[in-house]
$ cat model08.csv   # CSV, C-alpha atoms
chain,number,residue,atom,x,y,z
A,1,GLN,CA,52.7,-33.2,26.3
A,2,LYS,CA,50.9,-33.1,29.6
A,3,ARG,CA,52.4,-29.7,30.2
A,4,MET,CA,51.0,-28.4,26.9
A,5,VAL,CA,47.4,-29.0,27.8
A,6,PRO,CA,47.0,-26.1,30.3
A,7,ARG,CA,48.8,-23.8,27.9
A,8,ILE,CA,46.5,-24.7,25.0
A,9,SER,CA,43.4,-24.4,27.2
A,10,LEU,CA,44.7,-21.0,28.5
A,11,HIS,CA,45.3,-19.9,24.9
A,12,LEU,CA,41.8,-21.0,23.8
A,13,SER,CA,40.3,-19.2,26.7
A,14,VAL,CA,42.1,-16.0,25.8
A,15,VAL,CA,40.9,-16.3,22.2
A,16,SER,CA,37.4,-17.0,23.2
A,17,ALA,CA,37.3,-14.0,25.6
A,18,SER,CA,38.7,-11.8,22.9
A,19,LEU,CA,36.1,-12.9,20.4
A,20,TRP,CA,33.4,-12.3,23.0
A,21,ILE,CA,34.6,-8.8,23.6
A,22,MET,CA,34.8,-8.0,19.9
A,23,HIS,CA,31.3,-9.4,19.3
A,24,SER,CA,29.9,-7.5,22.2
A,25,ALA,CA,31.4,-4.3,20.9
A,26,VAL,CA,29.6,-4.6,17.5
A,27,PRO,CA,25.9,-3.7,17.3
A,28,THR,CA,23.8,-6.6,16.1
A,29,ARG,CA,20.3,-6.9,14.7
A,30,THR,CA,18.0,-9.3,16.4
A,31,PHE,CA,16.3,-11.7,14.0
A,32,SER,CA,13.3,-14.0,14.7
A,33,THR,CA,14.2,-17.5,15.7
A,34,SER,CA,14.4,-19.4,12.3
A,35,LEU,CA,17.0,-21.3,10.4
A,36,HIS,CA,17.9,-18.3,8.2
A,37,PRO,CA,17.7,-14.6,9.1
A,38,PRO,CA,14.6,-12.9,7.6
A,39,ARG,CA,15.0,-10.5,4.7
A,40,SER,CA,14.6,-6.8,5.2
A,41,VAL,CA,11.8,-5.0,3.5
A,42,LEU,CA,11.7,-1.3,2.9
A,43,VAL,CA,8.2,0.2,2.6
A,44,SER,CA,7.5,3.6,1.1
A,45,GLY,CA,4.4,5.5,2.3
A,46,ALA,CA,4.6,3.5,5.5
A,47,THR,CA,2.5,6.1,7.4
A,48,GLY,CA,-0.1,6.2,4.7
A,49,ARG,CA,-3.0,3.9,3.8
A,50,GLN,CA,-1.4,1.5,1.4
A,51,GLY,CA,2.1,1.5,2.8
A,52,GLY,CA,0.7,1.2,6.3
A,53,ALA,CA,-1.3,-1.8,5.2
A,54,VAL,CA,1.8,-3.4,3.8
A,55,VAL,CA,3.6,-2.8,7.1
A,56,ASP,CA,0.7,-4.4,8.9
A,57,ALA,CA,0.7,-7.5,6.7
A,58,LEU,CA,4.5,-7.9,7.0
A,59,LEU,CA,4.5,-7.6,10.8
A,60,ALA,CA,1.7,-10.2,11.0
A,61,ASN,CA,3.9,-12.6,9.0
A,62,GLN,CA,6.8,-12.2,11.5
A,63,LYS,CA,9.3,-13.1,8.8
A,64,TYR,CA,10.8,-9.8,8.0
A,65,ASN,CA,12.7,-6.9,9.3
A,66,VAL,CA,10.4,-4.0,8.3
A,67,PHE,CA,11.7,-0.5,7.5
A,68,GLY,CA,9.5,2.4,6.6
A,69,LEU,CA,10.3,5.6,4.7
A,70,SER,CA,9.0,8.9,5.9
A,71,ARG,CA,9.8,12.5,5.2
A,72,ASN,CA,9.4,13.2,8.9
A,73,PRO,CA,10.5,10.3,11.2
A,74,ASP,CA,9.6,12.4,14.2
A,75,SER,CA,5.9,12.6,13.3
A,76,ALA,CA,3.3,11.0,15.5
A,77,ALA,CA,2.5,8.4,12.8
A,78,SER,CA,6.2,7.5,12.5
A,79,LYS,CA,6.6,7.2,16.3
A,80,ALA,CA,3.6,4.8,16.3
A,81,LEU,CA,5.4,2.6,13.7
A,82,LYS,CA,8.6,2.7,15.8
A,83,ALA,CA,6.6,1.5,18.8
A,84,ARG,CA,5.5,-1.6,16.8
A,85,GLY,CA,9.1,-2.4,15.9
A,86,VAL,CA,9.4,-0.7,12.5
A,87,GLU,CA,12.6,1.3,11.9
A,88,VAL,CA,11.6,4.5,10.2
A,89,LEU,CA,14.2,6.1,7.9
A,90,LYS,CA,14.1,9.6,6.6
A,91,ALA,CA,13.7,10.0,2.8
A,92,ASP,CA,12.1,12.3,0.3
A,93,PHE,CA,11.4,11.2,-3.3
A,94,ASN,CA,12.3,14.7,-4.4
A,95,ASP,CA,15.8,13.7,-3.4
A,96,LYS,CA,16.9,10.4,-4.9
A,97,ALA,CA,20.1,10.3,-2.8
A,98,SER,CA,18.0,10.2,0.4
A,99,VAL,CA,16.2,7.2,-0.9
A,100,VAL,CA,19.4,5.4,-1.8
A,101,SER,CA,20.8,6.2,1.6
A,102,ALA,CA,17.7,4.7,3.3
A,103,MET,CA,18.1,1.6,1.2
A,104,GLN,CA,21.7,1.2,2.1
A,105,VAL,CA,21.0,1.6,5.8
A,106,SER,CA,18.2,-0.9,5.7
A,107,CYS,CA,20.1,-3.5,3.6
A,108,ALA,CA,16.6,-4.2,2.2
A,109,SER,CA,16.3,-7.0,-0.4
A,110,VAL,CA,12.7,-6.0,-1.2
A,111,PHE,CA,11.3,-2.5,-1.8
A,112,PHE,CA,7.6,-1.6,-1.8
A,113,LEU,CA,7.0,1.5,-3.9
A,114,VAL,CA,3.8,3.6,-3.9
A,115,THR,CA,3.6,7.2,-5.2
A,116,ASP,CA,1.1,9.8,-4.0
A,117,PHE,CA,-0.6,12.2,-6.4
A,118,GLN,CA,-1.6,14.5,-3.5
A,119,GLY,CA,1.9,14.4,-2.0
A,120,ALA,CA,3.2,15.4,-5.4
A,121,ASN,CA,1.0,18.6,-5.2
A,122,PHE,CA,-1.4,17.1,-7.7
A,123,ASN,CA,1.2,17.3,-10.4
A,124,ARG,CA,1.6,14.6,-12.9
A,125,ALA,CA,5.2,15.2,-13.8
A,126,THR,CA,6.2,15.4,-10.1
A,127,GLU,CA,4.5,12.1,-9.2
A,128,LYS,CA,6.1,10.4,-12.2
A,129,GLN,CA,9.5,11.7,-11.1
A,130,HIS,CA,9.0,10.4,-7.6
A,131,GLY,CA,8.4,7.0,-9.1
A,132,LEU,CA,11.3,7.2,-11.4
A,133,ASN,CA,13.5,8.2,-8.5
A,134,GLY,CA,12.4,5.2,-6.5
A,135,ILE,CA,13.1,2.9,-9.4
A,136,SER,CA,16.5,4.5,-10.1
A,137,ALA,CA,17.5,4.3,-6.4
A,138,ALA,CA,16.5,0.6,-6.3
A,139,ALA,CA,18.6,-0.1,-9.4
A,140,GLU,CA,21.6,1.7,-7.9
A,141,CYS,CA,21.3,-0.1,-4.5
A,142,LYS,CA,22.8,-3.6,-5.0
A,143,SER,CA,20.9,-5.2,-2.1
A,144,ILE,CA,17.4,-4.7,-3.7
A,145,GLU,CA,16.4,-8.0,-5.4
A,146,PHE,CA,12.7,-7.3,-5.9
A,147,LEU,CA,10.4,-4.3,-6.2
A,148,VAL,CA,6.6,-4.3,-5.7
A,149,PHE,CA,4.9,-1.2,-7.2
A,150,SER,CA,1.3,-0.1,-6.4
A,151,SER,CA,-0.1,1.6,-9.4
A,152,ALA,CA,-3.8,2.2,-10.4
A,153,GLY,CA,-6.5,0.0,-11.8
A,154,ALA,CA,-7.1,0.4,-15.6
A,155,CYS,CA,-4.6,3.3,-15.8
A,156,GLU,CA,-4.1,2.6,-19.5
A,157,GLU,CA,-7.8,2.9,-20.2
A,158,VAL,CA,-8.7,6.3,-18.7
A,159,PRO,CA,-8.5,9.6,-20.6
A,160,GLU,CA,-5.2,11.3,-21.0
A,161,ALA,CA,-6.4,14.1,-18.7
A,162,VAL,CA,-6.6,11.8,-15.7
A,163,ASP,CA,-3.1,12.8,-14.4
A,164,ALA,CA,-3.2,10.7,-11.2
A,165,PHE,CA,-3.5,7.5,-13.3
A,166,LYS,CA,-1.3,8.4,-16.2
A,167,SER,CA,1.6,9.3,-13.9
A,168,LYS,CA,1.4,5.8,-12.5
A,169,LEU,CA,1.2,4.2,-15.9
A,170,ALA,CA,4.5,6.0,-16.8
A,171,VAL,CA,6.1,4.6,-13.7
A,172,GLU,CA,4.9,1.1,-14.7
A,173,GLN,CA,6.5,1.5,-18.1
A,174,ALA,CA,9.8,2.7,-16.6
A,175,LEU,CA,9.8,-0.2,-14.1
A,176,LYS,CA,9.4,-2.8,-16.9
A,177,GLN,CA,12.4,-1.3,-18.7
A,178,SER,CA,14.6,-1.0,-15.6
A,179,GLY,CA,16.0,-4.5,-15.5
A,180,LEU,CA,14.8,-4.9,-12.0
A,181,LYS,CA,12.7,-7.9,-10.9
A,182,TYR,CA,9.3,-6.5,-10.1
A,183,ALA,CA,5.6,-7.1,-9.6
A,184,ILE,CA,2.8,-4.6,-10.0
A,185,LEU,CA,-0.4,-4.2,-8.0
A,186,ARG,CA,-3.3,-2.3,-9.6
A,187,PRO,CA,-5.8,-1.2,-6.9
A,188,HIS,CA,-9.2,0.0,-7.9
A,189,ALA,CA,-11.4,2.3,-5.9
A,190,PHE,CA,-10.8,2.1,-2.1
A,191,PHE,CA,-13.6,1.3,0.3
A,192,GLU,CA,-11.9,3.7,2.6
A,193,ASN,CA,-13.1,6.5,0.4
A,194,PHE,CA,-16.5,6.1,2.1
A,195,ASN,CA,-15.1,7.2,5.4
A,196,MET,CA,-12.7,10.1,4.9
A,197,PRO,CA,-12.6,13.4,6.8
A,198,ALA,CA,-13.9,15.1,3.6
A,199,PHE,CA,-16.6,12.5,3.1
A,200,PRO,CA,-17.5,11.0,6.5
A,201,LEU,CA,-19.7,7.9,6.8
A,202,LYS,CA,-22.8,9.7,8.1
A,203,GLN,CA,-25.7,7.7,9.6
A,204,GLY,CA,-27.8,5.9,6.9
A,205,VAL,CA,-25.9,7.0,3.8
A,206,ALA,CA,-22.7,6.1,1.9
A,207,VAL,CA,-21.6,9.0,-0.3
A,208,GLY,CA,-19.5,8.3,-3.4
A,209,MET,CA,-18.2,9.8,-6.6
A,210,LEU,CA,-20.5,8.1,-9.1
A,211,PRO,CA,-24.3,8.0,-9.6
A,212,PRO,CA,-26.0,5.0,-7.9
A,213,ASP,CA,-26.5,2.9,-11.0
A,214,CYS,CA,-22.8,3.1,-12.1
A,215,ARG,CA,-20.6,0.1,-11.3
A,216,GLN,CA,-17.0,0.3,-10.1
A,217,HIS,CA,-14.4,-2.2,-8.8
A,218,TYR,CA,-13.6,-1.9,-5.1
A,219,ILE,CA,-10.9,-3.0,-2.6
A,220,ALA,CA,-9.9,-2.4,1.0
A,221,CYS,CA,-6.4,-1.1,1.6
A,222,ARG,CA,-5.9,-3.8,4.2
A,223,ASP,CA,-6.1,-6.3,1.4
A,224,ILE,CA,-3.7,-4.4,-0.9
A,225,GLY,CA,-1.2,-4.8,1.9
A,226,LYS,CA,-1.9,-8.6,2.1
A,227,ALA,CA,-1.5,-9.0,-1.6
A,228,ALA,CA,1.9,-7.1,-1.5
A,229,ALA,CA,3.0,-9.4,1.3
A,230,ALA,CA,2.1,-12.5,-0.8
A,231,MET,CA,4.2,-11.1,-3.6
A,232,ILE,CA,7.1,-10.5,-1.3
A,233,ASP,CA,6.8,-14.0,0.1
A,234,ALA,CA,7.1,-15.5,-3.5
A,235,PRO,CA,9.2,-13.1,-5.7
A,236,SER,CA,10.0,-15.8,-8.2
A,237,GLU,CA,6.3,-16.7,-8.7
A,238,TRP,CA,5.3,-13.0,-9.1
A,239,SER,CA,8.2,-11.5,-11.0
A,240,GLY,CA,6.9,-9.7,-14.0
A,241,GLU,CA,3.3,-10.2,-13.0
A,242,THR,CA,0.5,-7.6,-12.6
A,243,LEU,CA,-2.4,-8.2,-10.2
A,244,ASP,CA,-5.7,-6.2,-10.2
A,245,CYS,CA,-6.8,-5.5,-6.7
A,246,THR,CA,-10.6,-5.9,-6.6
A,247,VAL,CA,-13.2,-8.0,-4.7
A,248,GLY,CA,-16.0,-7.1,-7.1
A,249,CYS,CA,-17.7,-4.6,-9.4
A,250,LEU,CA,-20.5,-2.9,-7.4
A,251,SER,CA,-23.1,-0.3,-8.1
A,252,GLY,CA,-24.0,2.4,-5.6
A,253,HIS,CA,-27.3,0.6,-5.0
A,254,GLU,CA,-25.4,-2.6,-4.0
A,255,LEU,CA,-23.2,-0.6,-1.7
A,256,GLY,CA,-26.3,0.8,0.0
A,257,VAL,CA,-27.5,-2.7,0.6
A,258,ALA,CA,-24.1,-3.8,2.0
A,259,LEU,CA,-24.2,-0.8,4.4
A,260,THR,CA,-27.7,-1.7,5.4
A,261,GLN,CA,-26.7,-5.3,6.2
A,262,ALA,CA,-23.5,-4.3,8.1
A,263,SER,CA,-25.2,-1.6,10.2
A,264,GLY,CA,-28.6,-3.2,10.9
A,265,GLU,CA,-30.5,-0.1,9.8
A,266,ALA,CA,-31.9,1.1,6.5
A,267,CYS,CA,-29.2,2.9,4.4
A,268,GLU,CA,-28.8,4.3,0.9
A,269,TYR,CA,-26.0,5.4,-1.5
A,270,LYS,CA,-25.9,8.9,-2.8
A,271,GLN,CA,-23.6,10.6,-5.3
A,272,SER,CA,-21.7,13.5,-3.7
A,273,ILE,CA,-22.9,17.0,-4.6
A,274,PHE,CA,-19.2,17.9,-4.8
A,275,PHE,CA,-18.5,15.4,-7.5
A,276,LYS,CA,-21.7,16.3,-9.4
A,277,GLY,CA,-20.4,19.8,-9.5
A,278,ILE,CA,-16.9,18.8,-10.7
A,279,LYS,CA,-18.5,16.8,-13.5
A,280,TRP,CA,-19.9,19.9,-15.1
A,281,CYS,CA,-17.6,22.6,-13.8
A,282,GLY,CA,-14.2,21.1,-13.0
A,283,TYR,CA,-12.1,22.4,-15.9
A,284,PHE,CA,-9.2,23.8,-13.9
A,285,GLY,CA,-6.0,22.2,-12.5
A,286,PHE,CA,-6.3,18.7,-11.0
A,287,LEU,CA,-10.1,19.0,-11.0
A,288,ASN,CA,-10.1,18.5,-14.7
A,289,GLY,CA,-8.6,15.1,-14.2
A,290,ILE,CA,-11.4,14.2,-11.8
A,291,ARG,CA,-14.0,15.5,-14.2
A,292,ALA,CA,-12.5,13.4,-17.0
A,293,LEU,CA,-12.5,10.3,-14.8
A,294,ILE,CA,-16.1,10.7,-13.7
A,295,TRP,CA,-17.2,11.1,-17.4
A,296,HIS,CA,-15.2,8.1,-18.3
A,297,LEU,CA,-16.6,5.9,-15.6
A,298,GLU,CA,-20.2,7.0,-16.2
A,299,THR,CA,-20.0,6.4,-20.0
A,300,SER,CA,-17.8,3.4,-20.3
A,301,PRO,CA,-18.2,-0.3,-19.3
A,302,PRO,CA,-16.3,-1.2,-16.1
A,303,PRO,CA,-12.8,-2.4,-16.8
A,304,GLN,CA,-12.0,-6.1,-17.0
A,305,ALA,CA,-10.5,-7.1,-13.6
A,306,ASP,CA,-10.4,-10.6,-12.2
A,307,ALA,CA,-11.8,-10.5,-8.7
A,308,ASP,CA,-11.6,-14.3,-8.3
A,309,ARG,CA,-7.8,-14.2,-9.0
A,310,PHE,CA,-7.3,-11.6,-6.3
A,311,LYS,CA,-9.4,-13.7,-3.9
A,312,ARG,CA,-7.1,-16.7,-4.5
A,313,VAL,CA,-4.2,-14.5,-3.4
A,314,VAL,CA,-6.0,-13.0,-0.5
A,315,PRO,CA,-8.8,-15.5,0.5
A,316,ASP,CA,-10.1,-13.4,3.4
A,317,ALA,CA,-10.3,-10.2,1.3
A,318,LEU,CA,-13.1,-8.0,2.7
A,319,THR,CA,-16.4,-7.7,0.9
A,320,ALA,CA,-18.3,-4.3,1.0
A,321,GLU,CA,-20.5,-5.6,3.8
A,322,GLU,CA,-17.5,-6.9,5.8
A,323,TRP,CA,-15.6,-3.6,5.3
A,324,PHE,CA,-18.5,-1.5,6.5
A,325,ALA,CA,-18.9,-3.9,9.4
A,326,SER,CA,-15.2,-3.3,10.3
A,327,VAL,CA,-15.8,0.4,10.6
A,328,ALA,CA,-18.6,-0.4,13.1
A,329,MET,CA,-19.7,3.2,13.7
A,330,TRP,CA,-20.9,6.3,12.1
A,331,SER,CA,-18.7,9.4,11.8
A,332,ASN,CA,-20.3,10.9,14.9
A,333,GLY,CA,-19.0,8.0,17.0
A,334,GLN,CA,-22.4,6.3,17.3
A,335,PRO,CA,-22.1,2.5,16.9
A,336,PHE,CA,-24.0,0.7,14.2
A,337,LYS,CA,-27.4,-0.5,15.4
A,338,ARG,CA,-26.3,-4.1,14.9
A,339,ASN,CA,-23.3,-3.5,17.1
A,340,ALA,CA,-25.1,-1.6,19.8
A,341,ALA,CA,-27.7,-4.4,20.1
A,342,SER,CA,-24.9,-6.9,20.9
A,343,LEU,CA,-23.4,-4.7,23.7

$ encode --input "model08.csv" --output "structure tokens"
Amino acid sequence: QKRMVPRISLHLSVVSASLWIMHSAVPTRTFSTSLHPPRSVLVSGATGRQGGAVVDALLANQKYNVFGLSRNPDSAASKALKARGVEVLKADFNDKASVVSAMQVSCASVFFLVTDFQGANFNRATEKQHGLNGISAAAECKSIEFLVFSSAGACEEVPEAVDAFKSKLAVEQALKQSGLKYAILRPHAFFENFNMPAFPLKQGVAVGMLPPDCRQHYIACRDIGKAAAAMIDAPSEWSGETLDCTVGCLSGHELGVALTQASGEACEYKQSIFFKGIKWCGYFGFLNGIRALIWHLETSPPPQADADRFKRVVPDALTAEEWFASVAMWSNGQPFKRNAASL
């Protein structure tokens, strides 16, 4: 029996060494230090405003392996995501097989889906098909347990001509019939629309789509991302639920006051001349949808949307004043007077 001990020890040493060599030869994913490995989340539109906000919120949580979808993983925006630890996978919603492949590579258990009307060449049928391809891919990929879809606020109430909303409504309807566990976000107007390349935030004025006395619900994209992350954290709680994304229904006059308070200088709100023109002349192509939306928003009461419910989900959601303050400067690079005074 004494002679057996060294042989057993030697045998165990050989087995241990063999297992170590085999383990070292297989690539492994590094998880954060927790009792259980975090789930993987696959985010569509990861280089865009909404998908990018979801990525930000998930990375801040430090619970998940985050994967992003991009048609061009070599773009500057994709490389910036990679530098933050996001694995960017190539996929195109025109090609469902590419989406399925990305899901399989990521082994994602959660999929955030957002469609892009502009990316669909302003075509309602194309955007709808992109959404259907995302849903079908998720249903085909056995690892997906939960899907969060970002739709559009009050998409069932707007006129039929508003293609960018009706395409998302069709995706909602397909998702509800898919058999997947899902939750739906319904963002209303983005604060970010006040600081776009086409409509920059010029000193002293916020330019918008509607007349100053019209009221509309607003939300920051950052907070859409936080709401999506909250749903991903609690899929059982949110399964089958729809959440309006709004922090309040504001008039243009109120937005002007918010910008005044944030910037420290007198400001006002104005309706864009571009949108005024579309209201009367935009009868062609996707402009007809914008025209129909403007007429609808100007002549109908604001939709019912529960801002208090959203704030319970995202308690630090940005108000209009807080969002303007976060921009901190005018489009020419000049800091707000309030910020300049504190320098």

$ residues_around --input "model08.csv" --residues "segment 311-317 of chain A" --least-positions-apart "5" --cutoff "8 Å" --atoms "all atoms listed in the file" --output "PyMOL selection string"
chain A and resi 220+223+226-227+230+247

$ atom_distance --input "model08.csv" --atom1 "atom CA of Ser272 of chain A" --atom2 "atom CA of Ala164 of chain A"
20.2 Å

$ closest_residue --input "model08.csv" --among "A:Gln104, A:Ser239, A:Thr47, A:Ser326" --to "Asn195 of chain A" --atoms "only C-alpha atoms"
A:Ser326

$ closest_residue --input "model08.csv" --among "A:Ser236, A:Gln173, A:Ser98, A:Ser109" --to "Lys128 of chain A" --atoms "all atoms listed in the file"
A:Gln173

$ atom_distance --input "model08.csv" --atom1 "atom CA of Pro303 of chain A" --atom2 "atom CA of Lys202 of chain A"
29.4 Å

$ residues_around --input "model08.csv" --residues "segment 49-55 of chain A" --least-positions-apart "6" --cutoff "6 Å" --atoms "all atoms listed in the file" --output "mmCIF file with C-alpha atoms, in the coordinates of the input"
data_model
loop_
_atom_site.group_PDB
_atom_site.id
_atom_site.type_symbol
_atom_site.label_atom_id
_atom_site.label_comp_id
_atom_site.auth_asym_id
_atom_site.auth_seq_id
_atom_site.Cartn_x
_atom_site.Cartn_y
_atom_site.Cartn_z
ATOM 1 C CA CYS A 221 -6.400 -1.100 1.600
ATOM 2 C CA ARG A 222 -5.900 -3.800 4.200
ATOM 3 C CA GLY A 225 -1.200 -4.800 1.900
#

$ closest_residue --input "model08.csv" --among "A:Val257, A:Ile219, A:Cys267, A:Ala325" --to "Gly204 of chain A" --atoms "all atoms listed in the file"
A:Cys267

$ closest_atom_pairs --input "model08.csv" --of "segment 92-115 of chain A" --to "segment 140-145 of chain A" --cutoff "7 Å" --atoms "all atoms listed in the file" --output "Markdown table"
| residue | atom | partner | partner_atom | distance |
| --- | --- | --- | --- | --- |
| A:Val100 | CA | A:Cys141 | CA | 6.4 |
| A:Met103 | CA | A:Cys141 | CA | 6.8 |
| A:Gln104 | CA | A:Cys141 | CA | 6.7 |
| A:Cys107 | CA | A:Ser143 | CA | 6.0 |
| A:Ala108 | CA | A:Ile144 | CA | 6.0 |
| A:Ser109 | CA | A:Ile144 | CA | 4.2 |
| A:Val110 | CA | A:Ile144 | CA | 5.5 |
| A:Phe111 | CA | A:Ile144 | CA | 6.8 |

$ closest_residue --input "model08.csv" --among "A:Ala57, A:Ala170, A:Ala83, A:Ile232" --to "Ser40 of chain A" --atoms "all atoms listed in the file"
A:Ile232

$ atom_distance --input "model08.csv" --atom1 "atom CA of Ala97 of chain A" --atom2 "atom CA of Leu42 of chain A"
15.4 Å

$ closest_residue --input "model08.csv" --among "A:Gly240, A:Pro335, A:Pro301, A:Gly85" --to "Gln177 of chain A" --atoms "only C-alpha atoms"
A:Gly240

$ closest_residue --input "model08.csv" --among "A:Gln203, A:Ser150, A:Ser136, A:Ser101" --to "Asn332 of chain A" --atoms "all atoms listed in the file"
A:Gln203

$ residues_around --input "model08.csv" --residues "Lys90 of chain A" --least-positions-apart "3" --cutoff "6 Å" --atoms "all atoms listed in the file" --output "list in words"
Leu69, Ser70, Arg71 and Pro73 of chain A

$ residues_around --input "model08.csv" --residues "Phe324 of chain A" --least-positions-apart "4" --cutoff "7 Å" --atoms "all atoms listed in the file" --output "PyMOL selection string"
chain A and resi 259+262+320+328
